[in-house]
Structures are given as C-alpha cells and as structure tokens.
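Asks: start.cif is the file, holding mmCIF, C-alpha atoms:
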```cif
data_start
#
loop_
_atom_site.label_atom_id
_atom_site.label_comp_id
_atom_site.auth_asym_id
_atom_site.auth_seq_id
_atom_site.Cartn_x
_atom_site.Cartn_y
_atom_site.Cartn_z
CA MET X 199 -3.81 -20.95 -36.83
CA THR X 200 -0.62 -22.81 -36.08
CA ALA X 201 2.71 -21.12 -36.40
CA GLY X 202 4.91 -22.63 -39.09
CA PRO X 203 8.56 -23.49 -38.68
CA LYS X 204 10.88 -20.55 -38.17
CA ILE X 205 11.89 -18.94 -41.46
CA ASP X 206 15.64 -19.04 -41.95
CA PRO X 207 16.44 -16.88 -45.00
CA MET X 208 20.20 -17.08 -44.37
CA HIS X 209 20.35 -20.81 -45.03
CA GLN X 210 20.44 -20.32 -48.80
CA PHE X 211 23.79 -18.57 -48.55
CA THR X 212 25.49 -21.46 -46.77
CA ILE X 213 28.64 -22.64 -48.50
CA ALA X 214 29.09 -26.38 -48.21
CA PRO X 215 31.50 -28.79 -49.91
CA VAL X 216 30.00 -30.88 -52.68
CA GLY X 217 31.17 -33.92 -54.60
CA GLY X 218 32.46 -36.43 -52.07
CA ASP X 219 35.31 -36.20 -49.60
CA ALA X 220 38.30 -36.45 -51.94
CA LEU X 221 39.65 -33.21 -50.57
CA THR X 222 39.08 -34.03 -46.89
CA GLY X 223 41.85 -32.76 -44.68
CA SER X 224 43.13 -30.25 -47.19
CA PRO X 225 42.43 -26.54 -46.75
CA PHE X 226 40.75 -26.51 -50.16
CA ALA X 227 37.24 -27.66 -50.90
CA PHE X 228 35.04 -27.86 -53.95
CA THR X 229 31.97 -26.05 -52.66
CA ASN X 230 28.60 -25.23 -54.14
CA SER X 231 30.01 -21.76 -54.79
CA SER X 232 32.81 -23.26 -56.91
CA LEU X 233 30.26 -25.43 -58.71
CA TRP X 234 28.13 -22.44 -59.64
CA MET X 235 31.16 -20.44 -60.68
CA LEU X 236 31.99 -23.27 -63.08
CA ALA X 237 28.38 -23.29 -64.27
CA VAL X 238 28.57 -19.55 -64.91
CA LEU X 239 31.83 -20.05 -66.80
CA ALA X 240 30.31 -22.85 -68.88
CA VAL X 241 27.26 -20.77 -69.79
CA ILE X 242 29.44 -17.78 -70.72
CA CYS X 243 31.68 -20.03 -72.86
CA ILE X 244 28.72 -21.59 -74.66
CA PHE X 245 27.16 -18.17 -75.22
CA MET X 246 30.34 -16.51 -76.47
CA ILE X 247 31.73 -19.37 -78.58
CA GLY X 248 28.32 -19.97 -80.14
CA GLY X 249 28.14 -16.36 -81.23
CA LEU X 250 31.71 -15.82 -82.36
CA GLN X 251 31.05 -16.40 -86.03
CA ARG X 252 32.22 -14.04 -88.70
CA ARG X 253 29.17 -14.11 -90.90
CA LEU X 254 28.59 -11.03 -92.98
CA VAL X 255 24.89 -11.22 -92.29
CA PRO X 256 24.79 -12.12 -88.61
CA GLY X 257 22.26 -14.52 -87.17
CA ARG X 258 20.38 -13.89 -83.94
CA TRP X 259 23.05 -15.44 -81.74
CA GLN X 260 25.86 -13.46 -83.31
CA VAL X 261 23.86 -10.25 -82.94
CA ALA X 262 23.34 -11.00 -79.25
CA VAL X 263 27.06 -11.49 -78.63
CA GLU X 264 28.05 -8.52 -80.76
CA SER X 265 25.60 -6.21 -79.02
CA LEU X 266 27.01 -7.35 -75.65
CA THR X 267 30.61 -6.64 -76.67
CA GLY X 268 29.52 -3.42 -78.35
CA PHE X 269 27.74 -2.32 -75.19
CA VAL X 270 30.83 -2.81 -73.04
CA GLU X 271 33.00 -1.17 -75.67
CA HIS X 272 30.67 1.83 -75.59
CA ILE X 273 31.07 2.03 -71.79
CA THR X 274 34.87 2.02 -71.98
CA GLN X 275 35.08 4.32 -75.00
CA SER X 276 32.71 6.92 -73.59
CA SER X 277 34.28 7.03 -70.13
CA ILE X 278 37.99 6.47 -70.81
CA GLY X 279 38.34 7.61 -74.40
CA PRO X 280 40.55 6.14 -77.11
CA GLU X 281 42.73 4.36 -74.57
CA GLY X 282 39.71 2.54 -73.21
CA ARG X 283 40.22 -0.37 -75.57
CA ARG X 284 43.20 -1.55 -73.52
CA PHE X 285 41.04 -1.92 -70.43
CA MET X 286 38.11 -3.54 -72.17
CA PRO X 287 39.13 -7.14 -71.29
CA TRP X 288 38.76 -6.58 -67.54
CA VAL X 289 35.63 -4.45 -67.79
CA PHE X 290 34.04 -7.01 -70.09
CA THR X 291 35.04 -9.90 -67.81
CA ALA X 292 33.61 -8.22 -64.74
CA PHE X 293 30.41 -7.22 -66.51
CA VAL X 294 29.70 -10.59 -68.06
CA PHE X 295 30.62 -12.57 -64.95
CA ILE X 296 28.43 -10.50 -62.61
CA LEU X 297 25.58 -10.46 -65.14
CA PHE X 298 25.56 -14.22 -65.70
CA ALA X 299 26.12 -15.04 -62.02
CA ASN X 300 23.20 -12.79 -61.02
CA TRP X 301 20.90 -14.27 -63.64
CA LEU X 302 21.87 -17.90 -63.09
CA GLY X 303 21.31 -17.49 -59.36
CA ALA X 304 17.81 -16.14 -59.99
CA MET X 305 16.80 -19.08 -62.20
CA PRO X 306 14.21 -21.45 -60.69
CA PHE X 307 16.40 -24.56 -60.61
CA ALA X 308 14.72 -25.65 -57.39
CA VAL X 309 11.76 -27.03 -59.38
CA VAL X 310 14.06 -30.00 -60.03
CA PRO X 311 14.05 -32.01 -56.78
CA GLY X 312 17.36 -31.52 -55.00
CA GLY X 313 18.35 -28.70 -57.31
CA HIS X 314 19.44 -25.57 -55.52
CA PRO X 315 20.72 -22.47 -57.31
CA PHE X 316 23.49 -20.57 -55.61
CA THR X 317 24.15 -16.94 -56.46
CA VAL X 318 27.92 -16.57 -56.58
CA THR X 319 27.70 -12.79 -56.28
CA SER X 320 25.75 -13.02 -53.02
CA GLN X 321 29.06 -13.55 -51.22
CA PHE X 322 31.10 -10.48 -50.40
CA THR X 323 34.33 -12.45 -50.89
CA VAL X 324 33.59 -12.76 -54.61
CA THR X 325 32.44 -9.22 -55.36
CA GLY X 326 34.93 -7.76 -52.90
CA PHE X 327 37.78 -9.55 -54.64
CA MET X 328 36.60 -8.28 -58.02
CA SER X 329 36.42 -4.72 -56.75
CA VAL X 330 39.89 -5.02 -55.18
CA LEU X 331 41.15 -6.19 -58.58
CA SER X 332 39.57 -3.13 -60.22
CA PHE X 333 41.18 -0.94 -57.58
CA ALA X 334 44.56 -2.62 -58.13
CA ILE X 335 44.29 -1.90 -61.86
CA VAL X 336 43.52 1.75 -61.09
CA LEU X 337 46.50 2.03 -58.74
CA GLY X 338 48.83 0.16 -61.09
CA VAL X 339 47.89 2.18 -64.15
CA GLY X 340 47.98 5.44 -62.21
CA PHE X 341 51.46 4.94 -60.77
CA TRP X 342 52.78 3.39 -63.98
CA LYS X 343 51.65 6.27 -66.16
CA HIS X 344 52.06 9.26 -63.86
CA GLY X 345 54.46 8.14 -61.15
CA LEU X 346 54.09 10.16 -57.99
CA HIS X 347 52.08 12.73 -59.95
CA PHE X 348 49.21 10.36 -59.41
CA PHE X 349 48.71 11.94 -55.99
CA SER X 350 47.59 15.15 -57.69
CA LEU X 351 44.31 13.26 -58.21
CA PHE X 352 43.43 14.25 -54.65
CA VAL X 353 44.09 17.95 -55.11
CA PRO X 354 41.48 20.01 -56.99
CA LYS X 355 42.97 22.16 -59.69
CA GLY X 356 42.81 25.93 -59.43
CA ALA X 357 41.44 26.03 -55.91
CA PRO X 358 42.85 28.32 -53.21
CA LEU X 359 45.48 26.74 -50.97
CA LEU X 360 43.25 26.80 -47.89
CA ILE X 361 40.55 24.85 -49.72
CA LYS X 362 43.09 22.39 -51.10
CA ILE X 363 44.26 21.53 -47.58
CA PHE X 364 40.72 20.68 -46.55
CA ILE X 365 39.66 18.93 -49.74
CA ALA X 366 42.70 16.67 -50.16
CA PRO X 367 42.00 14.42 -47.11
CA ILE X 368 38.33 14.15 -48.07
CA GLU X 369 39.27 13.15 -51.61
CA LEU X 370 41.75 10.63 -50.22
CA ILE X 371 39.08 9.04 -47.99
CA SER X 372 36.55 8.94 -50.83
CA PHE X 373 39.22 7.28 -53.00
CA MET X 374 40.05 4.68 -50.37
CA VAL X 375 36.38 3.80 -49.84
CA ARG X 376 35.94 2.98 -53.55
CA PRO X 377 36.87 -0.74 -53.48
CA PHE X 378 34.55 -1.25 -50.52
CA SER X 379 31.57 0.52 -52.06
CA LEU X 380 32.17 -1.04 -55.48
CA GLY X 381 32.10 -4.57 -54.07
CA LEU X 382 29.31 -3.92 -51.58
CA ARG X 383 26.85 -2.85 -54.25
CA PRO X 384 26.35 -6.06 -56.28
CA PHE X 385 26.70 -8.16 -53.13
CA VAL X 386 23.96 -6.43 -51.13
CA ALA X 387 21.63 -6.16 -54.12
CA MET X 388 21.72 -9.94 -54.64
CA PHE X 389 21.76 -10.72 -50.91
CA ALA X 390 18.73 -8.55 -50.09
CA GLY X 391 16.77 -9.69 -53.13
CA HIS X 392 17.24 -13.37 -52.34
CA ILE X 393 16.29 -12.87 -48.68
CA LEU X 394 13.10 -11.17 -49.84
CA LEU X 395 12.29 -14.01 -52.25
CA ASP X 396 13.02 -16.63 -49.58
CA VAL X 397 10.83 -14.98 -46.93
CA PHE X 398 7.85 -14.56 -49.24
CA GLY X 399 8.34 -18.03 -50.71
CA ASN X 400 8.02 -19.34 -47.16
CA PHE X 401 4.83 -17.32 -46.72
CA ILE X 402 3.34 -19.16 -49.73
CA VAL X 403 4.01 -22.56 -48.16
CA GLN X 404 2.87 -21.51 -44.70
CA GLY X 405 -0.33 -20.01 -46.11
CA LEU X 406 -1.10 -23.27 -47.93
CA ASN X 407 -0.32 -25.27 -44.78
CA ALA X 408 -2.75 -23.17 -42.76
CA GLY X 409 -5.55 -24.54 -44.94
CA THR X 410 -7.96 -21.69 -44.31
CA THR X 411 -9.46 -19.30 -46.86
CA LEU X 412 -7.33 -16.50 -45.47
CA GLY X 413 -4.24 -18.68 -45.82
CA TYR X 414 -4.98 -19.44 -49.48
CA GLY X 415 -5.56 -15.75 -50.13
CA VAL X 416 -2.22 -14.85 -48.55
CA SER X 417 -0.54 -17.57 -50.61
CA ILE X 418 -1.94 -16.29 -53.90
CA LEU X 419 -0.96 -12.71 -53.11
CA CYS X 420 2.54 -13.80 -52.08
CA PHE X 421 2.91 -15.88 -55.25
CA ILE X 422 2.08 -12.86 -57.42
CA PHE X 423 4.50 -10.79 -55.36
CA VAL X 424 7.29 -13.36 -55.70
CA ALA X 425 6.78 -13.55 -59.47
CA ALA X 426 6.98 -9.76 -59.74
CA VAL X 427 10.05 -9.56 -57.51
CA SER X 428 11.75 -12.29 -59.58
CA ALA X 429 11.29 -10.14 -62.67
CA LEU X 430 12.67 -7.19 -60.73
CA GLU X 431 15.66 -9.32 -59.69
CA LEU X 432 16.58 -9.87 -63.34
CA LEU X 433 16.49 -6.11 -63.89
CA VAL X 434 18.49 -5.43 -60.72
CA GLY X 435 21.07 -8.04 -61.69
CA ALA X 436 21.59 -6.37 -65.06
CA ILE X 437 21.73 -2.86 -63.55
CA GLN X 438 24.26 -3.93 -60.91
CA ALA X 439 26.52 -5.53 -63.53
CA PHE X 440 26.24 -2.37 -65.63
CA VAL X 441 26.99 -0.11 -62.66
CA PHE X 442 30.03 -2.21 -61.71
CA ALA X 443 31.41 -2.01 -65.25
CA LEU X 444 30.61 1.70 -65.53
CA LEU X 445 32.22 2.63 -62.21
CA THR X 446 35.27 0.49 -62.99
CA ALA X 447 35.65 2.35 -66.29
CA ILE X 448 35.22 5.73 -64.59
CA TYR X 449 37.76 4.89 -61.89
CA ILE X 450 40.25 3.73 -64.53
CA ASN X 451 39.58 6.99 -66.38
CA ASP X 452 40.71 8.88 -63.27
CA ALA X 453 44.02 7.03 -63.38
CA VAL X 454 44.53 7.24 -67.16
CA ASN X 455 43.53 10.84 -67.77
CA LEU X 456 44.63 12.60 -64.61
CA HIS X 457 42.24 15.59 -64.46
CA MET V 97 15.54 -4.71 -22.09
CA ASP V 98 17.58 -7.75 -23.04
CA LEU V 99 20.13 -7.76 -25.83
CA ALA V 100 18.01 -9.71 -28.34
CA SER V 101 15.09 -7.27 -28.26
CA ALA V 102 17.43 -4.30 -28.40
CA GLN V 103 19.09 -5.85 -31.47
CA VAL V 104 15.79 -6.28 -33.26
CA ILE V 105 14.70 -2.72 -32.47
CA GLY V 106 18.07 -1.36 -33.56
CA ALA V 107 17.95 -3.28 -36.83
CA GLY V 108 14.47 -1.95 -37.49
CA LEU V 109 15.64 1.61 -36.87
CA ALA V 110 18.62 1.08 -39.17
CA ALA V 111 16.25 -0.13 -41.88
CA ILE V 112 14.68 3.35 -42.01
CA GLY V 113 17.76 4.38 -43.95
CA VAL V 114 16.82 2.00 -46.75
CA GLY V 115 13.50 3.77 -47.18
CA VAL V 116 15.17 7.17 -47.25
CA ALA V 117 17.59 5.89 -49.90
CA ALA V 118 14.55 4.75 -51.91
CA ALA V 119 13.37 8.37 -51.91
CA GLY V 120 16.83 9.38 -53.11
CA VAL V 121 16.85 6.86 -55.96
CA GLY V 122 13.36 7.94 -56.97
CA ASN V 123 14.53 11.53 -56.96
CA VAL V 124 17.44 10.70 -59.26
CA PHE V 125 15.28 8.98 -61.86
CA GLY V 126 12.43 11.45 -61.49
CA SER V 127 14.65 14.47 -61.97
CA PHE V 128 16.31 12.83 -64.95
CA LEU V 129 12.92 12.17 -66.52
CA GLN V 130 11.80 15.73 -65.89
CA GLY V 131 14.87 17.07 -67.64
CA ALA V 132 14.73 14.47 -70.39
CA LEU V 133 11.13 15.29 -71.27
CA ARG V 134 11.98 18.97 -71.61
CA ASN V 135 14.97 18.31 -73.86
CA PRO V 136 14.78 14.75 -75.23
CA ALA V 137 17.67 15.35 -77.63
CA ALA V 138 20.15 15.84 -74.79
CA ALA V 139 18.90 12.92 -72.68
CA PRO V 140 21.00 10.02 -74.06
CA GLY V 141 24.25 11.85 -73.37
CA GLN V 142 23.38 12.24 -69.70
CA SER V 143 22.25 8.70 -68.94
CA VAL V 144 25.73 7.76 -67.68
CA THR V 145 25.64 10.66 -65.23
CA MET V 146 22.21 9.50 -64.11
CA TYR V 147 23.49 6.00 -63.39
CA ILE V 148 26.39 7.40 -61.36
CA GLY V 149 23.91 9.40 -59.32
CA PHE V 150 21.74 6.32 -58.96
CA ALA V 151 24.72 4.28 -57.76
CA ALA V 152 25.70 6.91 -55.21
CA ALA V 153 22.17 7.23 -53.84
CA GLU V 154 21.66 3.48 -53.78
CA LEU V 155 24.95 2.85 -51.99
CA LEU V 156 23.78 4.73 -48.89
CA GLY V 157 20.68 2.56 -48.71
CA LEU V 158 22.81 -0.56 -49.10
CA ILE V 159 25.09 0.61 -46.30
CA ALA V 160 22.00 1.09 -44.13
CA PHE V 161 21.00 -2.48 -44.96
CA ALA V 162 24.49 -3.76 -44.13
CA VAL V 163 24.40 -1.92 -40.81
CA ALA V 164 20.99 -3.42 -40.03
CA MET V 165 22.32 -6.91 -40.78
CA ILE V 166 25.42 -6.33 -38.65
CA ILE V 167 23.28 -5.16 -35.73
CA LEU V 168 20.81 -8.01 -36.16
CA TYR V 169 23.41 -10.79 -36.25
CA ALA V 170 26.01 -9.28 -33.91
CA ARG V 171 26.74 -11.36 -30.85
#
```
Now, as a test, write the supplied structure out as structure tokens.

Replies:
Amino acid sequence: MTAGPKIDPMHQFTIAPVGGDALTGSPFAFTNSSLWMLAVLAVICIFMIGGLQRRLVPGRWQVAVESLTGFVEHITQSSIGPEGRRFMPWVFTAFVFILFANWLGAMPFAVVPGGHPFTVTSQFTVTGFMSVLSFAIVLGVGFWKHGLHFFSLFVPKGAPLLIKIFIAPIELISFMVRPFSLGLRPFVAMFAGHILLDVFGNFIVQGLNAGTTLGYGVSILCFIFVAAVSALELLVGAIQAFVFALLTAIYINDAVNLH
Amino acid sequence: MDLASAQVIGAGLAAIGVGVAAAGVGNVFGSFLQGALRNPAAAPGQSVTMYIGFAAAELLGLIAFAVAMIILYAR
C-alpha cells in the first residue's frame, strides 16, 4: 500500500486575502475570515428581519426568531434578575454570532468546486476579543455601580480573617483568568472538531486511493464516522454558544449584584 | 532523542488530559441525570448549574488540548 500525501489539518485555518489586490500595501486586508464574518452577518440579518413581524398568530419563521430571543432573555433574566434586560443586547449578540459562525463553518460548502467554508470562531483572535469585551463590560459595570466596593467581590463574606487573606488572591486569579477561559472554550471546540473532520476526511480519500478491499472498508467506516461527527459538531456549536452567553450573564451578575 | 520525537511524545502525553476531562464531563452529566431521575420536578431549575459544571470540567480538557498543540508546534 502506498502512503498518501501528508495530511495537513492546519491548512484549513489559514487566513488569506481574497478579492483582488486593491488593498495591497496597506496594513488592512479583506481576508476569507472577513468574508465569512460578512456571510454570518448576512444570514443573521435575513433570519432576524424575516422573522420580525408582529402577527398576532405567528408563522413558523416568527416563532423561530421569538424562541431565540426568548431563550436569551431567559438566560439573562434567570442569572442577572430584573436588571438583566439592560445587558441582553450584548449577550444576544454574542450568542447569535457564535451560534451562526459555528454552524456556517460546519456547512458542507466544499461540495461546490472552489467553495471553502471558514469557521470564524476557530480563530482565537475573534473569540478572545469577544471575551475581552464581555470582561470589559463586567469591569465597567462593576466599577460604575459599586466604585471601589467592587473589590469586595474577591473577599468571601462572613469568613474568618485568616481565611480571607488566603482566599482573596485565589479569587483574584480566578477572576483574571475568566476572559482567557471564556474565549478559549468556543475557539478550541471549533478548532479541535474541524481538525478531527479534516483528518478523517483525508482517510476517506486515501482509503479510496489505495484501491484495495481494506481501503474501501476503511473509507466507508470513516465516512460514517465523519457524518456522525458533523452532527456532533452542530450540537457542540450550539452548546458552546449557549455556554458563552450563560457565563457572560453570570459574570455580569457578579458585577451587578455584588454578593 | 531529537527534538521532533520528544515533541510528538510530549504532545501525546499532554493529550491524556483530554481523556481525563472526558471522564469529568461524563461525571457531570451522569450525576445530573441520577439526581434528575430521582426528583424530576427539581431538574429544570438545576440545568444552569449543570452547564456551569460542564463548562468548568470541559475547560481543563481544552487547556490540555491547547498545551498539546503548543508542544507539538513549538519551535
């Protein structure tokens, strides 16, 4: 059996400029990442505007949009309380953007020759920036509402002084790690899932190229596996968007209702 | 042992952490299900807590993955 070409699962995450060289020489570029961000934006706009009707008896589309907004409202209301409505715009934006970016990146656009989906959230710059924005909102709201009392977040209430001295630095570290962990989660979930799909997709092709019975068997098994993992990717994409929105709401709750 | 082989071995060792985190995530959902089947009425109110536990357990596995990638592609 001949060895196939070396599998390079990292190639799919390459960011390259698209659309001519109009921006050559400038530090800005219109990359495939920008293109897919615009695609995500367009899909979100079509989905939301199509469903924003005020019919008394809602159609299917309106029910879909209303259940999405209701879902995010439930997250903010249950974690932050009555004040959660003020933070709903950011939580909703983050949730919908991550959800649609994850799902659009998992769509099989490569069946069109030359088509190549790019998962925007598979870059840590994107998710990291979103988590830093969440963290900035937490800091801003905390210091705006409570002033320097915000630092009492790190001190457990009613504990003996000796325990407080030990707990406060640990709480501070766990607070400072939040933007990192919040952004790492959706990034790694998409990154790892797409590497897995790429590797096993290559196994399908290499098994077919081998031309033996064993090769065909491996290909069929890998195809079933890839189909199952693709379904799992959709679930993971939704869970990661939900977890990002939920944790953002919980972190904001820490800043709004101090203990 | 040259650097390349040591990198691959190190990345493989770091990937053990992902498997351990899988046990943790399974434990979170399994324990939730055990409790939820005993008292189904109280289950919906605790699903948020379950997802926080899931996120915390999963994060450690993701960090293990990130460490494996850093080791594998470090030069």

Asks: Can you turn the PyMOL selection byres ((chain V and resi 114-116) around 9) into a concrete residue list for this file, as a compact mmCIF listing (two decimals) with C-alpha atoms, keeping the file's coordinate frame?

Replies:
```txt
# COMPACT_ATOMS: atom_id res chain seq x y z
CA ALA V 110 18.62 1.08 -39.17
CA ALA V 111 16.25 -0.13 -41.88
CA ILE V 112 14.68 3.35 -42.01
CA GLY V 113 17.76 4.38 -43.95
CA ALA V 117 17.59 5.89 -49.90
CA ALA V 118 14.55 4.75 -51.91
CA ALA V 119 13.37 8.37 -51.91
CA GLY V 120 16.83 9.38 -53.11
CA VAL V 121 16.85 6.86 -55.96
CA GLU V 154 21.66 3.48 -53.78
CA LEU V 156 23.78 4.73 -48.89
CA GLY V 157 20.68 2.56 -48.71
CA LEU V 158 22.81 -0.56 -49.10
CA ILE V 159 25.09 0.61 -46.30
CA ALA V 160 22.00 1.09 -44.13
CA PHE V 161 21.00 -2.48 -44.96
```

Asks: Need the axis-aligned box for range 439-453 of chain X with 8 Å each side, so what are the centre and edges in Å to one decimal, as AutoDock Vina command-line options?

Replies:
```
--center_x 35.1 --center_y 1.7 --center_z -64.0 --size_x 33.8 --size_y 30.4 --size_z 20.7
```

Asks: Return as JSON, numbers by chain the set of residues that the PyMOL selection byres ((chain V) within 8 of (chain X)) yields on the displayed structure.

Replies: {"V": [147, 148, 151, 155, 158, 161, 162]}

Asks: Could you tell me how far CA of Arg253 in chain X lies from CA of Ser265 in chain X, in Å and to one decimal?

Replies: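 According to the coordinates, CA of Arg253 in chain X and CA of Ser265 in chain X are separated by 14.7 Å.
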
Asks: To one decimal place, how far is CA of Gly381 in chain X from CA of Val330 in chain X in Å?

Replies: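 Computed distance, CA of Gly381 in chain X to CA of Val330 in chain X, equals 7.9 Å.
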
Asks: Can you pull out every residue within 8 Å of range 229-244 of chain X, counting all atoms listed in the file, but drop anything in the same chain fewer than 6 positions away, and send it as number ranges by chain?

Replies: X: 213-216, 294-295, 298-299, 302, 315-318

Asks: Would you list the contacts of Asp452 in chain X as a ChimeraX atom specification, taking every protein, DNA or RNA residue within 12 Å and counting all atoms listed in the file, but skipping same-chain residues closer than 2 positions in sequence?

Replies: /X:277-279,282,333,335-337,339-341,343-344,348-352,373,445-450,454-457

Asks: Starting from the displayed file, determine the output of the PyMOL selection byres ((chain X and resi 366) around 12) and express the residue list as JSON, numbers by chain.

Replies: {"X": [349, 350, 351, 352, 353, 354, 355, 357, 359, 360, 361, 362, 363, 364, 365, 367, 368, 369, 370, 371, 372, 373]}

Asks: The residues within 8 Å of (16.4, -2.9, -38.5), using all atoms listed in the file and the coordinates of the file, should be reported as an NGL selection string; which are they?

Replies: :V and (104-112 or 161 or 164-165 or 167-168)

Asks: I'd like the interatomic distance between CA of Thr274 in chain X and CA of Ala443 in chain X, to a tenth of an Å.

Replies: 8.6 Å

Asks: What's around Ser428 in chain X at 10 Å? Count only C-alpha atoms, leave out sequence neighbours fewer than 5 positions away in its own chain, and write the answer as a list in words.

Replies: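 Surrounding residues, per the criterion: Ala304, Met305, Pro306, Gly391, His392, Leu394, Leu395, Ile422, Phe423, Leu433 and Val434 of chain X.
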
Asks: Store the residues picked out above, limited to C-alpha atoms, as a tab-separated table (two decimals), in the coordinates of the input.

Replies:
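The result, written out as out_34.tsv:
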```tsv
chain	number	residue	atom	x	y	z
X	304	ALA	CA	17.81	-16.14	-59.99
X	305	MET	CA	16.80	-19.08	-62.20
X	306	PRO	CA	14.21	-21.45	-60.69
X	391	GLY	CA	16.77	-9.69	-53.13
X	392	HIS	CA	17.24	-13.37	-52.34
X	394	LEU	CA	13.10	-11.17	-49.84
X	395	LEU	CA	12.29	-14.01	-52.25
X	422	ILE	CA	2.08	-12.86	-57.42
X	423	PHE	CA	4.50	-10.79	-55.36
X	433	LEU	CA	16.49	-6.11	-63.89
X	434	VAL	CA	18.49	-5.43	-60.72
```

Asks: Around (16.2, -15.3, -43.4) in the file's own coordinates, what residues are found within 10 Å if you use only C-alpha atoms, given back as a ChimeraX atom specification?

Replies: /X:204-211,390,392-397,400

Asks: Within 12 Å of Arg258 in chain X, counting all atoms listed in the file, which residues qualify if same-chain residues fewer than 5 places away don't, as a list of chain:residue names?

Replies: X:Phe245, X:Gly248, X:Gly249, X:Leu250, X:Gln251, X:Arg253, X:Val263, X:Glu264, X:Ser265

Asks: Using only C-alpha atoms, which of V:Phe150, V:Thr145, V:Ser101, V:Pro136 sits nearest Val124 in chain V?

Replies: V:Phe150

Asks: Counting all atoms listed in the file, figure out which residue out of X:Met286, X:Leu432, X:Leu266, X:Ala439 gets nearest to Thr319 in chain X.

Replies: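 For Thr319 in chain X, the nearest of the candidates is X:Ala439.
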
Asks: Would it be fine to have range 224-244 of chain X, with N, CA and C atoms, given as a compact mmCIF listing (two decimals), in the first residue's frame?

Replies:
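Once everything was written out, this is selection-v6.txt:
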```txt
# COMPACT_ATOMS: atom_id res chain seq x y z
N SER X 224 -1.41 48.26 2.06
CA SER X 224 -1.99 48.81 3.27
C SER X 224 -1.96 47.73 4.35
N PRO X 225 -1.98 48.13 5.60
CA PRO X 225 -1.97 47.11 6.67
C PRO X 225 -3.29 46.37 6.79
N PHE X 226 -4.30 46.77 6.06
CA PHE X 226 -5.60 46.10 6.14
C PHE X 226 -5.75 45.16 4.95
N ALA X 227 -6.52 44.12 5.16
CA ALA X 227 -6.79 43.19 4.07
C ALA X 227 -8.18 42.61 4.25
N PHE X 228 -8.83 42.35 3.13
CA PHE X 228 -10.13 41.68 3.17
C PHE X 228 -9.86 40.19 3.03
N THR X 229 -9.89 39.47 4.15
CA THR X 229 -9.49 38.07 4.14
C THR X 229 -10.70 37.16 4.06
N ASN X 230 -10.43 35.86 3.98
CA ASN X 230 -11.54 34.91 3.98
C ASN X 230 -12.28 34.95 5.31
N SER X 231 -11.55 35.32 6.38
CA SER X 231 -12.23 35.47 7.68
C SER X 231 -13.24 36.61 7.62
N SER X 232 -12.82 37.76 7.03
CA SER X 232 -13.75 38.89 6.90
C SER X 232 -14.95 38.49 6.06
N LEU X 233 -14.67 37.75 4.97
CA LEU X 233 -15.76 37.34 4.07
C LEU X 233 -16.79 36.51 4.82
N TRP X 234 -16.30 35.58 5.64
CA TRP X 234 -17.25 34.71 6.35
C TRP X 234 -17.93 35.42 7.49
N MET X 235 -17.25 36.44 8.08
CA MET X 235 -17.95 37.25 9.06
C MET X 235 -19.11 37.98 8.41
N LEU X 236 -18.87 38.51 7.19
CA LEU X 236 -19.95 39.19 6.47
C LEU X 236 -21.07 38.20 6.13
N ALA X 237 -20.68 36.97 5.76
CA ALA X 237 -21.70 35.96 5.45
C ALA X 237 -22.54 35.66 6.68
N VAL X 238 -21.87 35.54 7.84
CA VAL X 238 -22.60 35.29 9.08
C VAL X 238 -23.55 36.44 9.36
N LEU X 239 -23.04 37.67 9.18
CA LEU X 239 -23.89 38.85 9.40
C LEU X 239 -25.10 38.84 8.48
N ALA X 240 -24.86 38.50 7.20
CA ALA X 240 -25.96 38.49 6.23
C ALA X 240 -27.01 37.46 6.62
N VAL X 241 -26.55 36.26 7.02
CA VAL X 241 -27.51 35.21 7.39
C VAL X 241 -28.30 35.62 8.62
N ILE X 242 -27.61 36.23 9.60
CA ILE X 242 -28.31 36.67 10.81
C ILE X 242 -29.35 37.73 10.45
N CYS X 243 -28.96 38.69 9.56
CA CYS X 243 -29.88 39.75 9.17
C CYS X 243 -31.11 39.18 8.48
N ILE X 244 -30.87 38.24 7.53
CA ILE X 244 -32.00 37.66 6.82
C ILE X 244 -32.91 36.93 7.80
```
